[in-house]
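Enquirer: Got a structure for you, written out below as structure tokens; questions coming shortly.
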Amino acid sequence: MISPYFELLPAPLRLDNIALTLYHIVTMNIDKIIFKAYDVRGIYPDQINDETAYAVALGLATLQKPKSAVVGRDMRISSESMAKSAIRGLVDGGATVTDVGLVSTDALYFAVGKYRFDCGIMITASHNPSQYNGMKICEKNAVPLSGDGKLSEIHRLIESGSLKKAGKPGRVTRRNIIPAFVDHALSFVDVSKIRPFKIAIDAGNGMAGIIVPEVFKRLSCQLIPMYFELDGTFPNHPASPIEPENVADLIAKIKETGADLGAAFDGDADRVFLIDENGKILGGDMVTALAAKALLQKNPGSTILYNLICSKAVPESIESSGGKAIRTRVGHALIKPLMKEHKAIFGGEHSGHFYFRDNWYADSGLIALLVCLELISEAGIPLSEQVAAFDKYVRSGEINSRVDDIEAKLAAIEDIFSDGKIDRLDGITVDYGDCWFNVRPSNTEPLLRLNVEASNKAQLEEVTKRLLAVIRG
């Protein structure tokens, strides 16, 4: 029997013989390791490639039977060919596909929600190094597909040879969505209230490089652009601003130019991190607190979600601003349905993901930046002073440790620190009132992730040292 993927071979190799057919079946036996908790991602072309993109897209069409779909891509070297393959898979599955070309991930989510597509695929590996690529997939209303749900079903269809072409293939159209997305993002703020700040922005050679300039044409701010040239080789630094070393250039630029603040986006520009006028990096939790305060001024008494890695300053700030704070597990596939359940207007994560009810509950770093700019403008004091008003704690940041027996380590931690208040919402959290920590397993690697927060530096160092002795001992 000829492989269902036989036609994916280059024409000169399409020889109807058993040896070649068996070889192609093996090469299309997609490793399940690339099906992550929230996307499909791996090293190109060894783990993920154009044939993978076709198979996943056709699997999506087989599973969901969409009539309409939208495909976007980032600037990675392999993204254009992967996008073409994904489009072909959707078309073969019967969908009419709108190709929106080079866009940020939050713009792709916007397109799915605004234009009511049945599904969307963004070709990106987000913040990962240049040798990676991937696919972020969502269905109607920008609802993400997760690894323990429909992504695993797509993998099963591929593995079982159950992909199905439609009797009538779809077609392809093209559309520029960036102007409409910029309008949408700016609708969250009163542009006239945003002061003429001097802002340094590091796009990391990623997709913020084409989105941010269009936004700042509409603002009175002075933009200091850094690494806005699209380049999937990331010649300046990795597009992962959660690592302090990757924002060193931005901090230097803020100090050199006397900028009022800085912002750094990741590769597909759906996450943002802020840096104050003194060069201090604000974690995603501090941005969550700022954005929540701004949104509560316009939506008094509303519910805000935050994940359990966020500082205690976040729920305290939300509640002092008259809002209702609800703590959640980590991960956008979890937060989005919870936002709908609790009718929350906003949700934030320490990782720099920020979710908005009026953005189809999808995340957008750009919208978060604009909301914070409006708040900072109205306060009339430097960003550092605004954060200092509610942030009374010190934090370790996320510390990762490779562990052979994760369950045994978690049990040991729970036993040793049993004198604190323990909960198991996501890993183990132990709270002593003036100090707390969370230890949770990685979704994809044999790692334990540790986060500690305390009232002072000495306490932070002591508790962190004790925990690492258990985890790494």
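In the structure tokens, the first chain shown is A, the next is B, and so on; residue numbers restart at 1 for each chain, and ligands run from 1 in the order shown.
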Write out as a PDB file with N, CA and C atoms, in the first residue's frame the set of residues from range 295-418 of chain A that DSSP, computed on the backbone, places in alpha helix (DSSP H).
Expert:
```pdb
ATOM      1  N   LEU A 295      -6.905  48.800  33.976  1.00  0.00           N
ATOM      2  CA  LEU A 295      -8.188  48.271  33.502  1.00  0.00           C
ATOM      3  C   LEU A 295      -9.276  48.397  34.556  1.00  0.00           C
ATOM      4  N   LEU A 296      -8.911  48.292  35.833  1.00  0.00           N
ATOM      5  CA  LEU A 296      -9.899  48.433  36.905  1.00  0.00           C
ATOM      6  C   LEU A 296     -10.399  49.866  37.033  1.00  0.00           C
ATOM      7  N   GLN A 297      -9.605  50.832  36.613  1.00  0.00           N
ATOM      8  CA  GLN A 297     -10.070  52.215  36.608  1.00  0.00           C
ATOM      9  C   GLN A 297     -11.230  52.393  35.630  1.00  0.00           C
ATOM     10  N   LYS A 298     -11.222  51.614  34.559  1.00  0.00           N
ATOM     11  CA  LYS A 298     -12.280  51.699  33.550  1.00  0.00           C
ATOM     12  C   LYS A 298     -13.385  50.676  33.779  1.00  0.00           C
ATOM     13  N   ALA A 313       2.309  40.790  45.530  1.00  0.00           N
ATOM     14  CA  ALA A 313       1.963  42.181  45.230  1.00  0.00           C
ATOM     15  C   ALA A 313       0.852  42.273  44.198  1.00  0.00           C
ATOM     16  N   VAL A 314       0.715  41.246  43.364  1.00  0.00           N
ATOM     17  CA  VAL A 314      -0.313  41.288  42.314  1.00  0.00           C
ATOM     18  C   VAL A 314      -1.718  41.225  42.904  1.00  0.00           C
ATOM     19  N   PRO A 315      -2.085  40.176  43.664  1.00  0.00           N
ATOM     20  CA  PRO A 315      -3.441  40.174  44.237  1.00  0.00           C
ATOM     21  C   PRO A 315      -3.671  41.333  45.196  1.00  0.00           C
ATOM     22  N   GLU A 316      -2.628  41.729  45.921  1.00  0.00           N
ATOM     23  CA  GLU A 316      -2.788  42.861  46.840  1.00  0.00           C
ATOM     24  C   GLU A 316      -3.109  44.139  46.071  1.00  0.00           C
ATOM     25  N   SER A 317      -2.429  44.360  44.959  1.00  0.00           N
ATOM     26  CA  SER A 317      -2.676  45.545  44.140  1.00  0.00           C
ATOM     27  C   SER A 317      -4.061  45.500  43.499  1.00  0.00           C
ATOM     28  N   ILE A 318      -4.443  44.319  43.014  1.00  0.00           N
ATOM     29  CA  ILE A 318      -5.770  44.165  42.400  1.00  0.00           C
ATOM     30  C   ILE A 318      -6.864  44.494  43.412  1.00  0.00           C
ATOM     31  N   GLU A 319      -6.744  43.937  44.583  1.00  0.00           N
ATOM     32  CA  GLU A 319      -7.783  44.134  45.603  1.00  0.00           C
ATOM     33  C   GLU A 319      -7.796  45.563  46.127  1.00  0.00           C
ATOM     34  N   SER A 320      -6.617  46.186  46.245  1.00  0.00           N
ATOM     35  CA  SER A 320      -6.587  47.583  46.699  1.00  0.00           C
ATOM     36  C   SER A 320      -7.156  48.533  45.644  1.00  0.00           C
ATOM     37  N   HIS A 332      -1.479  29.344  29.227  1.00  0.00           N
ATOM     38  CA  HIS A 332      -2.583  30.068  28.588  1.00  0.00           C
ATOM     39  C   HIS A 332      -3.769  29.177  28.265  1.00  0.00           C
ATOM     40  N   ALA A 333      -3.520  27.892  27.995  1.00  0.00           N
ATOM     41  CA  ALA A 333      -4.642  27.000  27.705  1.00  0.00           C
ATOM     42  C   ALA A 333      -5.525  26.804  28.930  1.00  0.00           C
ATOM     43  N   LEU A 334      -4.979  27.096  30.118  1.00  0.00           N
ATOM     44  CA  LEU A 334      -5.745  26.995  31.356  1.00  0.00           C
ATOM     45  C   LEU A 334      -6.403  28.318  31.712  1.00  0.00           C
ATOM     46  N   ILE A 335      -5.682  29.412  31.513  1.00  0.00           N
ATOM     47  CA  ILE A 335      -6.177  30.720  31.931  1.00  0.00           C
ATOM     48  C   ILE A 335      -7.346  31.194  31.076  1.00  0.00           C
ATOM     49  N   LYS A 336      -7.280  30.971  29.775  1.00  0.00           N
ATOM     50  CA  LYS A 336      -8.332  31.492  28.901  1.00  0.00           C
ATOM     51  C   LYS A 336      -9.726  30.960  29.245  1.00  0.00           C
ATOM     52  N   PRO A 337      -9.915  29.640  29.402  1.00  0.00           N
ATOM     53  CA  PRO A 337     -11.263  29.178  29.792  1.00  0.00           C
ATOM     54  C   PRO A 337     -11.676  29.652  31.172  1.00  0.00           C
ATOM     55  N   LEU A 338     -10.697  29.796  32.091  1.00  0.00           N
ATOM     56  CA  LEU A 338     -11.032  30.297  33.421  1.00  0.00           C
ATOM     57  C   LEU A 338     -11.482  31.753  33.370  1.00  0.00           C
ATOM     58  N   MET A 339     -10.892  32.533  32.484  1.00  0.00           N
ATOM     59  CA  MET A 339     -11.337  33.918  32.330  1.00  0.00           C
ATOM     60  C   MET A 339     -12.800  33.977  31.910  1.00  0.00           C
ATOM     61  N   LYS A 340     -13.168  33.107  30.994  1.00  0.00           N
ATOM     62  CA  LYS A 340     -14.564  33.075  30.552  1.00  0.00           C
ATOM     63  C   LYS A 340     -15.479  32.633  31.686  1.00  0.00           C
ATOM     64  N   GLU A 341     -15.032  31.611  32.416  1.00  0.00           N
ATOM     65  CA  GLU A 341     -15.850  31.084  33.517  1.00  0.00           C
ATOM     66  C   GLU A 341     -16.104  32.144  34.581  1.00  0.00           C
ATOM     67  N   HIS A 342     -15.082  32.926  34.905  1.00  0.00           N
ATOM     68  CA  HIS A 342     -15.191  33.923  35.969  1.00  0.00           C
ATOM     69  C   HIS A 342     -15.530  35.319  35.448  1.00  0.00           C
ATOM     70  N   GLY A 365       1.095  41.246  23.906  1.00  0.00           N
ATOM     71  CA  GLY A 365       2.083  42.102  24.532  1.00  0.00           C
ATOM     72  C   GLY A 365       1.896  43.553  24.147  1.00  0.00           C
ATOM     73  N   LEU A 366       1.490  43.785  22.906  1.00  0.00           N
ATOM     74  CA  LEU A 366       1.292  45.153  22.431  1.00  0.00           C
ATOM     75  C   LEU A 366       0.186  45.858  23.201  1.00  0.00           C
ATOM     76  N   ILE A 367      -0.949  45.199  23.389  1.00  0.00           N
ATOM     77  CA  ILE A 367      -2.058  45.808  24.129  1.00  0.00           C
ATOM     78  C   ILE A 367      -1.631  46.083  25.573  1.00  0.00           C
ATOM     79  N   ALA A 368      -0.889  45.145  26.167  1.00  0.00           N
ATOM     80  CA  ALA A 368      -0.413  45.348  27.542  1.00  0.00           C
ATOM     81  C   ALA A 368       0.481  46.587  27.629  1.00  0.00           C
ATOM     82  N   LEU A 369       1.364  46.760  26.653  1.00  0.00           N
ATOM     83  CA  LEU A 369       2.232  47.937  26.648  1.00  0.00           C
ATOM     84  C   LEU A 369       1.412  49.220  26.558  1.00  0.00           C
ATOM     85  N   LEU A 370       0.432  49.256  25.688  1.00  0.00           N
ATOM     86  CA  LEU A 370      -0.384  50.459  25.515  1.00  0.00           C
ATOM     87  C   LEU A 370      -1.179  50.784  26.779  1.00  0.00           C
ATOM     88  N   VAL A 371      -1.748  49.760  27.396  1.00  0.00           N
ATOM     89  CA  VAL A 371      -2.519  49.968  28.629  1.00  0.00           C
ATOM     90  C   VAL A 371      -1.618  50.539  29.723  1.00  0.00           C
ATOM     91  N   CYS A 372      -0.400  50.013  29.823  1.00  0.00           N
ATOM     92  CA  CYS A 372       0.541  50.521  30.828  1.00  0.00           C
ATOM     93  C   CYS A 372       0.985  51.947  30.513  1.00  0.00           C
ATOM     94  N   LEU A 373       1.173  52.274  29.244  1.00  0.00           N
ATOM     95  CA  LEU A 373       1.561  53.635  28.868  1.00  0.00           C
ATOM     96  C   LEU A 373       0.493  54.641  29.274  1.00  0.00           C
ATOM     97  N   GLU A 374      -0.765  54.260  29.112  1.00  0.00           N
ATOM     98  CA  GLU A 374      -1.842  55.164  29.513  1.00  0.00           C
ATOM     99  C   GLU A 374      -1.834  55.355  31.028  1.00  0.00           C
ATOM    100  N   LEU A 375      -1.642  54.280  31.776  1.00  0.00           N
ATOM    101  CA  LEU A 375      -1.601  54.377  33.238  1.00  0.00           C
ATOM    102  C   LEU A 375      -0.422  55.238  33.695  1.00  0.00           C
ATOM    103  N   ILE A 376       0.747  54.999  33.137  1.00  0.00           N
ATOM    104  CA  ILE A 376       1.941  55.755  33.502  1.00  0.00           C
ATOM    105  C   ILE A 376       1.743  57.239  33.189  1.00  0.00           C
ATOM    106  N   SER A 377       1.102  57.516  32.070  1.00  0.00           N
ATOM    107  CA  SER A 377       0.850  58.904  31.677  1.00  0.00           C
ATOM    108  C   SER A 377      -0.037  59.616  32.684  1.00  0.00           C
ATOM    109  N   GLU A 378      -1.093  58.950  33.111  1.00  0.00           N
ATOM    110  CA  GLU A 378      -2.049  59.577  34.018  1.00  0.00           C
ATOM    111  C   GLU A 378      -1.472  59.752  35.422  1.00  0.00           C
ATOM    112  N   ALA A 379      -0.553  58.850  35.813  1.00  0.00           N
ATOM    113  CA  ALA A 379       0.021  58.941  37.167  1.00  0.00           C
ATOM    114  C   ALA A 379       0.952  60.133  37.305  1.00  0.00           C
ATOM    115  N   LEU A 383       8.003  55.470  36.226  1.00  0.00           N
ATOM    116  CA  LEU A 383       7.561  54.083  36.325  1.00  0.00           C
ATOM    117  C   LEU A 383       8.100  53.417  37.581  1.00  0.00           C
ATOM    118  N   SER A 384       9.347  53.671  37.934  1.00  0.00           N
ATOM    119  CA  SER A 384       9.928  53.036  39.117  1.00  0.00           C
ATOM    120  C   SER A 384       9.145  53.378  40.379  1.00  0.00           C
ATOM    121  N   GLU A 385       8.690  54.614  40.503  1.00  0.00           N
ATOM    122  CA  GLU A 385       7.942  55.030  41.687  1.00  0.00           C
ATOM    123  C   GLU A 385       6.556  54.396  41.718  1.00  0.00           C
ATOM    124  N   GLN A 386       5.967  54.229  40.560  1.00  0.00           N
ATOM    125  CA  GLN A 386       4.648  53.594  40.519  1.00  0.00           C
ATOM    126  C   GLN A 386       4.719  52.147  40.990  1.00  0.00           C
ATOM    127  N   VAL A 387       5.750  51.431  40.544  1.00  0.00           N
ATOM    128  CA  VAL A 387       5.888  50.035  40.954  1.00  0.00           C
ATOM    129  C   VAL A 387       6.252  49.947  42.434  1.00  0.00           C
ATOM    130  N   ALA A 388       7.119  50.833  42.897  1.00  0.00           N
ATOM    131  CA  ALA A 388       7.538  50.809  44.301  1.00  0.00           C
ATOM    132  C   ALA A 388       6.359  50.998  45.251  1.00  0.00           C
ATOM    133  N   ILE A 406      11.530  13.280  40.033  1.00  0.00           N
ATOM    134  CA  ILE A 406      10.788  14.491  40.391  1.00  0.00           C
ATOM    135  C   ILE A 406       9.817  14.242  41.536  1.00  0.00           C
ATOM    136  N   GLU A 407       9.097  13.137  41.475  1.00  0.00           N
ATOM    137  CA  GLU A 407       8.103  12.855  42.512  1.00  0.00           C
ATOM    138  C   GLU A 407       8.754  12.708  43.881  1.00  0.00           C
ATOM    139  N   ALA A 408       9.923  12.069  43.917  1.00  0.00           N
ATOM    140  CA  ALA A 408      10.612  11.882  45.199  1.00  0.00           C
ATOM    141  C   ALA A 408      11.065  13.227  45.764  1.00  0.00           C
ATOM    142  N   LYS A 409      11.543  14.109  44.914  1.00  0.00           N
ATOM    143  CA  LYS A 409      11.981  15.430  45.371  1.00  0.00           C
ATOM    144  C   LYS A 409      10.806  16.250  45.888  1.00  0.00           C
ATOM    145  N   LEU A 410       9.684  16.194  45.185  1.00  0.00           N
ATOM    146  CA  LEU A 410       8.500  16.930  45.632  1.00  0.00           C
ATOM    147  C   LEU A 410       8.024  16.416  46.994  1.00  0.00           C
ATOM    148  N   ALA A 411       8.060  15.110  47.161  1.00  0.00           N
ATOM    149  CA  ALA A 411       7.645  14.526  48.440  1.00  0.00           C
ATOM    150  C   ALA A 411       8.583  14.968  49.566  1.00  0.00           C
ATOM    151  N   ALA A 412       9.885  15.007  49.277  1.00  0.00           N
ATOM    152  CA  ALA A 412      10.855  15.435  50.280  1.00  0.00           C
ATOM    153  C   ALA A 412      10.642  16.887  50.670  1.00  0.00           C
ATOM    154  N   ILE A 413      10.381  17.735  49.681  1.00  0.00           N
ATOM    155  CA  ILE A 413      10.131  19.158  49.954  1.00  0.00           C
ATOM    156  C   ILE A 413       8.884  19.322  50.812  1.00  0.00           C
ATOM    157  N   GLU A 414       7.839  18.595  50.465  1.00  0.00           N
ATOM    158  CA  GLU A 414       6.586  18.702  51.222  1.00  0.00           C
ATOM    159  C   GLU A 414       6.778  18.257  52.667  1.00  0.00           C
ATOM    160  N   ASP A 415       7.606  17.260  52.877  1.00  0.00           N
ATOM    161  CA  ASP A 415       7.861  16.767  54.235  1.00  0.00           C
ATOM    162  C   ASP A 415       8.708  17.760  55.038  1.00  0.00           C
ATOM    163  N   ILE A 416       9.783  18.265  54.439  1.00  0.00           N
ATOM    164  CA  ILE A 416      10.700  19.154  55.149  1.00  0.00           C
ATOM    165  C   ILE A 416      10.048  20.492  55.480  1.00  0.00           C
TER     166      ILE A 416
END
```
Enquirer: So that I can see what lies close to range 243-259 of chain A, please list as a list in words the residues with an atom at most 8 Å from it, counting only C-alpha atoms and leaving out residues fewer than 3 positions away in the same chain.
Expert: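 The residues satisfying every condition are Phe197, Lys198, Ile199, Ala200, Ile201, Asp202, Met226, His237, Pro238, Ala239, Ser240, Gly262, Ala264, Ile275, Glu277, Asn278, Gly279, Lys280 and Ile281 of chain A.
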Enquirer: Could you save the residues just selected, with C-alpha atoms, as a PDB file, in the first residue's frame?
Expert:
```
ATOM      1  CA  PHE A 197       7.506  59.624  26.419  1.00  0.00           C
ATOM      2  CA  LYS A 198      10.920  58.693  25.137  1.00  0.00           C
ATOM      3  CA  ILE A 199      10.687  54.894  24.811  1.00  0.00           C
ATOM      4  CA  ALA A 200      13.399  52.430  23.827  1.00  0.00           C
ATOM      5  CA  ILE A 201      11.966  49.247  22.330  1.00  0.00           C
ATOM      6  CA  ASP A 202      13.953  46.099  21.531  1.00  0.00           C
ATOM      7  CA  MET A 226      16.482  48.543  18.586  1.00  0.00           C
ATOM      8  CA  HIS A 237      20.731  38.300  20.891  1.00  0.00           C
ATOM      9  CA  PRO A 238      18.077  35.586  21.365  1.00  0.00           C
ATOM     10  CA  ALA A 239      14.538  36.967  21.192  1.00  0.00           C
ATOM     11  CA  SER A 240      13.765  35.780  24.710  1.00  0.00           C
ATOM     12  CA  GLY A 262      11.950  50.458  27.757  1.00  0.00           C
ATOM     13  CA  ALA A 264      11.368  44.170  24.998  1.00  0.00           C
ATOM     14  CA  ILE A 275      12.194  48.151  32.058  1.00  0.00           C
ATOM     15  CA  GLU A 277      13.931  54.532  33.720  1.00  0.00           C
ATOM     16  CA  ASN A 278      16.690  53.238  36.001  1.00  0.00           C
ATOM     17  CA  GLY A 279      17.240  50.099  33.964  1.00  0.00           C
ATOM     18  CA  LYS A 280      15.431  47.758  36.365  1.00  0.00           C
ATOM     19  CA  ILE A 281      13.635  44.859  34.700  1.00  0.00           C
TER      20      ILE A 281
END
```
Enquirer: So which one's closest to Arg218 in chain A, A:Ala61, A:Leu186, A:Ile43, A:Val100? Using only C-alpha atoms, please.
Expert: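 Under the stated criterion, the closest residue is A:Leu186.
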Enquirer: Choose the residue, out of A:Lys217, A:His155, A:Arg76, A:Arg472, that has the smallest atom-to-atom separation from Tyr44 in chain A; count only C-alpha atoms.
Expert: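 Looking at the shortest contact to Tyr44 in chain A, the residue is A:Arg76.
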Enquirer: Would you compute the distance between CA of Phe390 in chain A and CA of Met286 in chain A? Give it in Å to one decimal.
Expert: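 Value for the CA of Phe390 in chain A-CA of Met286 in chain A distance: 9.2 Å.
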Enquirer: Excluding same-chain residues fewer than 2 positions from Gly94 in chain A, what lies within 8 Å of it counting only C-alpha atoms, as a ChimeraX atom specification?
Expert: /A:61,65-67,90-92,96,165-170
Enquirer: A:Glu453, A:Gln64, A:Glu398, A:Tyr132: which is nearest Asp46 in chain A, counting only C-alpha atoms?
Expert: A:Tyr132
Enquirer: Can you tell me which residues surround Tyr38 in chain A at a distance of at most 10 Å, considering only C-alpha atoms, apart from same-chain residues fewer than 5 positions away, and format the answer as a PyMOL selection string?
Expert: chain A and resi 135-138+144-149+151+331-334
Enquirer: Using only C-alpha atoms, which of the listed residues (A:Ser152, A:Asn400, A:Gln459, A:Ser79) sits closest to Lys32 in chain A?
Expert: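 The closest residue to Lys32 in chain A is A:Ser152.
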